[in-house]
Amino acid sequence: MFVLVNLKAYPCDPVEVATAAHEVSESTGVRIAIAPQATQLSAVAETGVETWAQHVSPVEHGSHTGSTLAEAAADAGAVGTLLNHSENRLKLADIDASLTAAERTGLETIVCANNPDQIGAAAALGPDAVAVEPPELIGTGTPVSKADPDVVRDAVDAAAAVDDSVDVLCGAGISTGEDLDAAGDLGAEGVLLASGVAKAEDPKEALEDLVEPIA
């Protein structure tokens with residue numbers, strides 16, 4: 001089970017969270033990664049934790065002011081990238097181009113989508129994984145595995161119908177070990193979460209509680 005913690009632009013200490021994640025991953029054997037702001041990729045990677053970019057732009061080297069170049073993310077220590085998060089939506093052609101940029105630099109990829117139909121379309125583009133995240137549940141503390149478990153089941157089926165090598169992750173509202181367990185029971189290979197760890201008073205304790213059922 002893969003756990004990816006997206007720090008978004010929350011006012012947390014990314015190094016503190018990353019250090020906690022690395023320690024919990026090392027002690028439990030659970031794969032845990034952190035996705036910080038682009039300017040914090042290097043500092044997070046230096047902790048030894050698996051580090052992901054929150055986004056890479058659909059561009060190559062050139063005149064692209066304000067873009068997040070895949071090469072720059074990789075050079076800073078990222079090993080993967082999220083794409084098309086509900087807070088940073090892309091057009092289909094741009095998702096495809098960002099996937100090409102990530103492939104060019106060896107970054108693993110997760111494409112986010114709102115529902116099973118979009119999951120199928122995303123899987124057809126050939127990412128390493130897709131993540132189903134109903135936007136209305138993001139940040140609510142109510143996981144999709146409880147609010148509408150059929151969304152996760154249908155997303156798993158939709159991806160498998162297109163390309164059964166594409167893993168499916170479950171996001172939105174994940175915060176407890178019970179949520180993680182439920183996502184796995186529904187066929188998800190991992191979870192995306194943010195506030196449950198990034199806003200926790202004790203990120204290490206939050207991560208330990210989260211992965212306890214699978215550790």
# chains A, B, ... in the order shown; residues from 1 in each chain; ligands from 1
>>> select_by_dssp(residues="region 18-98 of chain A", states="alpha helix (DSSP H)", output="PDB file with N, CA, C and O atoms, in the first residue's frame")
ATOM      1  N   ALA A  18       8.480  15.514   6.534  1.00  0.00           N
ATOM      2  CA  ALA A  18       9.262  14.564   5.743  1.00  0.00           C
ATOM      3  C   ALA A  18      10.112  13.664   6.631  1.00  0.00           C
ATOM      4  O   ALA A  18      10.226  12.451   6.392  1.00  0.00           O
ATOM      5  N   THR A  19      10.723  14.243   7.656  1.00  0.00           N
ATOM      6  CA  THR A  19      11.535  13.449   8.583  1.00  0.00           C
ATOM      7  C   THR A  19      10.677  12.414   9.292  1.00  0.00           C
ATOM      8  O   THR A  19      11.067  11.242   9.426  1.00  0.00           O
ATOM      9  N   ALA A  20       9.496  12.837   9.718  1.00  0.00           N
ATOM     10  CA  ALA A  20       8.571  11.909  10.377  1.00  0.00           C
ATOM     11  C   ALA A  20       8.165  10.793   9.425  1.00  0.00           C
ATOM     12  O   ALA A  20       8.139   9.609   9.797  1.00  0.00           O
ATOM     13  N   ALA A  21       7.871  11.154   8.184  1.00  0.00           N
ATOM     14  CA  ALA A  21       7.451  10.163   7.196  1.00  0.00           C
ATOM     15  C   ALA A  21       8.564   9.158   6.922  1.00  0.00           C
ATOM     16  O   ALA A  21       8.317   7.948   6.799  1.00  0.00           O
ATOM     17  N   HIS A  22       9.780   9.653   6.810  1.00  0.00           N
ATOM     18  CA  HIS A  22      10.921   8.755   6.567  1.00  0.00           C
ATOM     19  C   HIS A  22      11.102   7.776   7.726  1.00  0.00           C
ATOM     20  O   HIS A  22      11.306   6.572   7.514  1.00  0.00           O
ATOM     21  N   GLU A  23      10.992   8.272   8.953  1.00  0.00           N
ATOM     22  CA  GLU A  23      11.168   7.421  10.127  1.00  0.00           C
ATOM     23  C   GLU A  23      10.071   6.355  10.202  1.00  0.00           C
ATOM     24  O   GLU A  23      10.350   5.183  10.495  1.00  0.00           O
ATOM     25  N   VAL A  24       8.832   6.761   9.927  1.00  0.00           N
ATOM     26  CA  VAL A  24       7.719   5.804   9.992  1.00  0.00           C
ATOM     27  C   VAL A  24       7.844   4.777   8.867  1.00  0.00           C
ATOM     28  O   VAL A  24       7.599   3.587   9.065  1.00  0.00           O
ATOM     29  N   SER A  25       8.240   5.220   7.698  1.00  0.00           N
ATOM     30  CA  SER A  25       8.429   4.304   6.582  1.00  0.00           C
ATOM     31  C   SER A  25       9.519   3.285   6.889  1.00  0.00           C
ATOM     32  O   SER A  25       9.371   2.084   6.624  1.00  0.00           O
ATOM     33  N   GLU A  26      10.618   3.765   7.459  1.00  0.00           N
ATOM     34  CA  GLU A  26      11.740   2.883   7.785  1.00  0.00           C
ATOM     35  C   GLU A  26      11.357   1.868   8.861  1.00  0.00           C
ATOM     36  O   GLU A  26      11.749   0.702   8.808  1.00  0.00           O
ATOM     37  N   SER A  27      10.574   2.296   9.853  1.00  0.00           N
ATOM     38  CA  SER A  27      10.246   1.415  10.980  1.00  0.00           C
ATOM     39  C   SER A  27       9.130   0.432  10.659  1.00  0.00           C
ATOM     40  O   SER A  27       9.037  -0.623  11.282  1.00  0.00           O
ATOM     41  N   THR A  28       8.279   0.769   9.693  1.00  0.00           N
ATOM     42  CA  THR A  28       7.117  -0.083   9.394  1.00  0.00           C
ATOM     43  C   THR A  28       7.229  -0.836   8.078  1.00  0.00           C
ATOM     44  O   THR A  28       6.513  -1.813   7.855  1.00  0.00           O
ATOM     45  N   LEU A  41      11.391  21.006  -2.596  1.00  0.00           N
ATOM     46  CA  LEU A  41      11.706  19.640  -3.004  1.00  0.00           C
ATOM     47  C   LEU A  41      13.086  19.193  -2.504  1.00  0.00           C
ATOM     48  O   LEU A  41      13.232  18.083  -1.977  1.00  0.00           O
ATOM     49  N   SER A  42      14.083  20.023  -2.681  1.00  0.00           N
ATOM     50  CA  SER A  42      15.440  19.638  -2.289  1.00  0.00           C
ATOM     51  C   SER A  42      15.551  19.386  -0.793  1.00  0.00           C
ATOM     52  O   SER A  42      16.135  18.387  -0.353  1.00  0.00           O
ATOM     53  N   ALA A  43      14.982  20.285   0.009  1.00  0.00           N
ATOM     54  CA  ALA A  43      15.058  20.140   1.461  1.00  0.00           C
ATOM     55  C   ALA A  43      14.348  18.878   1.923  1.00  0.00           C
ATOM     56  O   ALA A  43      14.815  18.178   2.823  1.00  0.00           O
ATOM     57  N   VAL A  44      13.214  18.572   1.311  1.00  0.00           N
ATOM     58  CA  VAL A  44      12.476  17.366   1.671  1.00  0.00           C
ATOM     59  C   VAL A  44      13.244  16.127   1.229  1.00  0.00           C
ATOM     60  O   VAL A  44      13.375  15.151   1.984  1.00  0.00           O
ATOM     61  N   ALA A  45      13.786  16.137   0.015  1.00  0.00           N
ATOM     62  CA  ALA A  45      14.532  14.978  -0.481  1.00  0.00           C
ATOM     63  C   ALA A  45      15.749  14.680   0.390  1.00  0.00           C
ATOM     64  O   ALA A  45      16.125  13.516   0.559  1.00  0.00           O
ATOM     65  N   ALA A  70      10.045  19.581 -15.549  1.00  0.00           N
ATOM     66  CA  ALA A  70      10.232  18.232 -15.018  1.00  0.00           C
ATOM     67  C   ALA A  70      11.692  17.977 -14.666  1.00  0.00           C
ATOM     68  O   ALA A  70      12.000  17.347 -13.644  1.00  0.00           O
ATOM     69  N   GLU A  71      12.594  18.445 -15.506  1.00  0.00           N
ATOM     70  CA  GLU A  71      14.024  18.257 -15.234  1.00  0.00           C
ATOM     71  C   GLU A  71      14.430  18.925 -13.918  1.00  0.00           C
ATOM     72  O   GLU A  71      15.258  18.380 -13.173  1.00  0.00           O
ATOM     73  N   ALA A  72      13.866  20.106 -13.646  1.00  0.00           N
ATOM     74  CA  ALA A  72      14.201  20.810 -12.411  1.00  0.00           C
ATOM     75  C   ALA A  72      13.685  20.052 -11.197  1.00  0.00           C
ATOM     76  O   ALA A  72      14.363  19.960 -10.161  1.00  0.00           O
ATOM     77  N   ALA A  73      12.477  19.505 -11.323  1.00  0.00           N
ATOM     78  CA  ALA A  73      11.920  18.724 -10.219  1.00  0.00           C
ATOM     79  C   ALA A  73      12.776  17.485  -9.948  1.00  0.00           C
ATOM     80  O   ALA A  73      13.077  17.156  -8.792  1.00  0.00           O
ATOM     81  N   ALA A  74      13.175  16.797 -11.005  1.00  0.00           N
ATOM     82  CA  ALA A  74      14.006  15.608 -10.848  1.00  0.00           C
ATOM     83  C   ALA A  74      15.372  15.958 -10.260  1.00  0.00           C
ATOM     84  O   ALA A  74      15.880  15.260  -9.373  1.00  0.00           O
ATOM     85  N   ASP A  75      15.960  17.041 -10.730  1.00  0.00           N
ATOM     86  CA  ASP A  75      17.262  17.469 -10.216  1.00  0.00           C
ATOM     87  C   ASP A  75      17.184  17.832  -8.728  1.00  0.00           C
ATOM     88  O   ASP A  75      18.167  17.695  -7.993  1.00  0.00           O
ATOM     89  N   LEU A  92      -6.821  17.830 -21.279  1.00  0.00           N
ATOM     90  CA  LEU A  92      -6.358  16.485 -21.599  1.00  0.00           C
ATOM     91  C   LEU A  92      -5.022  16.511 -22.346  1.00  0.00           C
ATOM     92  O   LEU A  92      -4.114  15.724 -22.056  1.00  0.00           O
ATOM     93  N   ALA A  93      -4.891  17.444 -23.291  1.00  0.00           N
ATOM     94  CA  ALA A  93      -3.649  17.530 -24.060  1.00  0.00           C
ATOM     95  C   ALA A  93      -2.476  17.910 -23.161  1.00  0.00           C
ATOM     96  O   ALA A  93      -1.344  17.439 -23.366  1.00  0.00           O
ATOM     97  N   ASP A  94      -2.744  18.743 -22.152  1.00  0.00           N
ATOM     98  CA  ASP A  94      -1.671  19.137 -21.235  1.00  0.00           C
ATOM     99  C   ASP A  94      -1.296  18.003 -20.285  1.00  0.00           C
ATOM    100  O   ASP A  94      -0.124  17.872 -19.905  1.00  0.00           O
ATOM    101  N   ILE A  95      -2.285  17.198 -19.875  1.00  0.00           N
ATOM    102  CA  ILE A  95      -1.956  16.018 -19.079  1.00  0.00           C
ATOM    103  C   ILE A  95      -1.022  15.112 -19.871  1.00  0.00           C
ATOM    104  O   ILE A  95       0.000  14.637 -19.363  1.00  0.00           O
ATOM    105  N   ASP A  96      -1.364  14.902 -21.127  1.00  0.00           N
ATOM    106  CA  ASP A  96      -0.549  14.051 -21.991  1.00  0.00           C
ATOM    107  C   ASP A  96       0.866  14.607 -22.117  1.00  0.00           C
ATOM    108  O   ASP A  96       1.860  13.864 -22.030  1.00  0.00           O
ATOM    109  N   ALA A  97       0.977  15.918 -22.300  1.00  0.00           N
ATOM    110  CA  ALA A  97       2.300  16.534 -22.451  1.00  0.00           C
ATOM    111  C   ALA A  97       3.083  16.501 -21.137  1.00  0.00           C
ATOM    112  O   ALA A  97       4.311  16.326 -21.145  1.00  0.00           O
ATOM    113  N   SER A  98       2.398  16.650 -20.013  1.00  0.00           N
ATOM    114  CA  SER A  98       3.084  16.560 -18.723  1.00  0.00           C
ATOM    115  C   SER A  98       3.564  15.132 -18.468  1.00  0.00           C
ATOM    116  O   SER A  98       4.626  14.919 -17.879  1.00  0.00           O
TER     117      SER A  98
END
>>> residues_around(residues="Met1 (chain A)", least_positions_apart="2", cutoff="10 Å", atoms="only C-alpha atoms", output="short mmCIF file (atom, residue, chain, number, x, y, z; two decimals) with C-alpha atoms, in the first residue's frame")
data_model
loop_
_atom_site.label_atom_id
_atom_site.label_comp_id
_atom_site.auth_asym_id
_atom_site.auth_seq_id
_atom_site.Cartn_x
_atom_site.Cartn_y
_atom_site.Cartn_z
CA VAL A 3 0.82 6.46 1.05
CA LEU A 4 1.42 9.83 -0.62
CA VAL A 30 5.25 0.98 4.44
CA ARG A 31 6.00 3.04 1.34
CA ILE A 32 5.38 6.69 2.29
CA LEU A 169 -5.21 5.13 -5.63
CA LEU A 180 -6.52 3.09 4.59
CA ASP A 181 -7.78 -0.41 5.27
CA ALA A 183 -9.42 1.72 0.48
CA GLY A 184 -7.41 -1.48 0.15
CA ALA A 188 -7.02 0.61 -4.24
CA GLU A 189 -3.25 0.16 -4.27
CA GLY A 190 -2.62 3.29 -2.24
CA VAL A 191 -3.99 6.55 -0.89
CA VAL A 211 -0.32 2.88 8.65
CA ILE A 214 -0.90 -2.50 7.35
CA ALA A 215 2.44 -2.21 9.15
#
>>> residues_around(residues="Val151 (chain A)", least_positions_apart="6", cutoff="8 Å", atoms="only C-alpha atoms", output="NGL selection string")
:A and (115-116 or 132 or 144-145)
>>> atom_distance(atom1="CA of Pro203 (chain A)", atom2="CA of Tyr10 (chain A)")
13.2 Å
>>> atom_distance(atom1="CA of Ala123 (chain A)", atom2="CA of Val168 (chain A)")
9.2 Å
>>> residues_around(residues="Asp185 (chain A)", least_positions_apart="6", cutoff="10 Å", atoms="only C-alpha atoms", output="number ranges by chain")
A: 145, 152-153, 179
>>> write_last_selection(atoms="N, CA and C atoms", output="PDB file, in the first residue's frame")
ATOM      1  N   SER A 145     -14.191   6.215   0.554  1.00  0.00           N
ATOM      2  CA  SER A 145     -14.448   4.798   0.819  1.00  0.00           C
ATOM      3  C   SER A 145     -15.652   4.595   1.733  1.00  0.00           C
ATOM      4  N   VAL A 152     -14.903   4.117  -5.700  1.00  0.00           N
ATOM      5  CA  VAL A 152     -13.590   3.473  -5.708  1.00  0.00           C
ATOM      6  C   VAL A 152     -13.649   2.169  -6.497  1.00  0.00           C
ATOM      7  N   ARG A 153     -14.648   1.350  -6.240  1.00  0.00           N
ATOM      8  CA  ARG A 153     -14.779   0.082  -6.978  1.00  0.00           C
ATOM      9  C   ARG A 153     -14.868   0.331  -8.480  1.00  0.00           C
ATOM     10  N   ASP A 179      -9.522   4.175   7.290  1.00  0.00           N
ATOM     11  CA  ASP A 179      -9.710   4.641   5.914  1.00  0.00           C
ATOM     12  C   ASP A 179      -8.758   3.925   4.964  1.00  0.00           C
TER      13      ASP A 179
END
>>> closest_residue(among="A:Thr176, A:Ser195, A:Ala131, A:Asp154", to="Ala9 (chain A)", atoms="only C-alpha atoms")
A:Ser195
>>> select_by_dssp(residues="region 48-175 of chain A", states="strand (DSSP E)", output="PyMOL selection string")
chain A and resi 50-53+80-83+108-113+129-132+167-170
>>> atom_distance(atom1="CA of His64 (chain A)", atom2="CA of Gln118 (chain A)")
28.2 Å
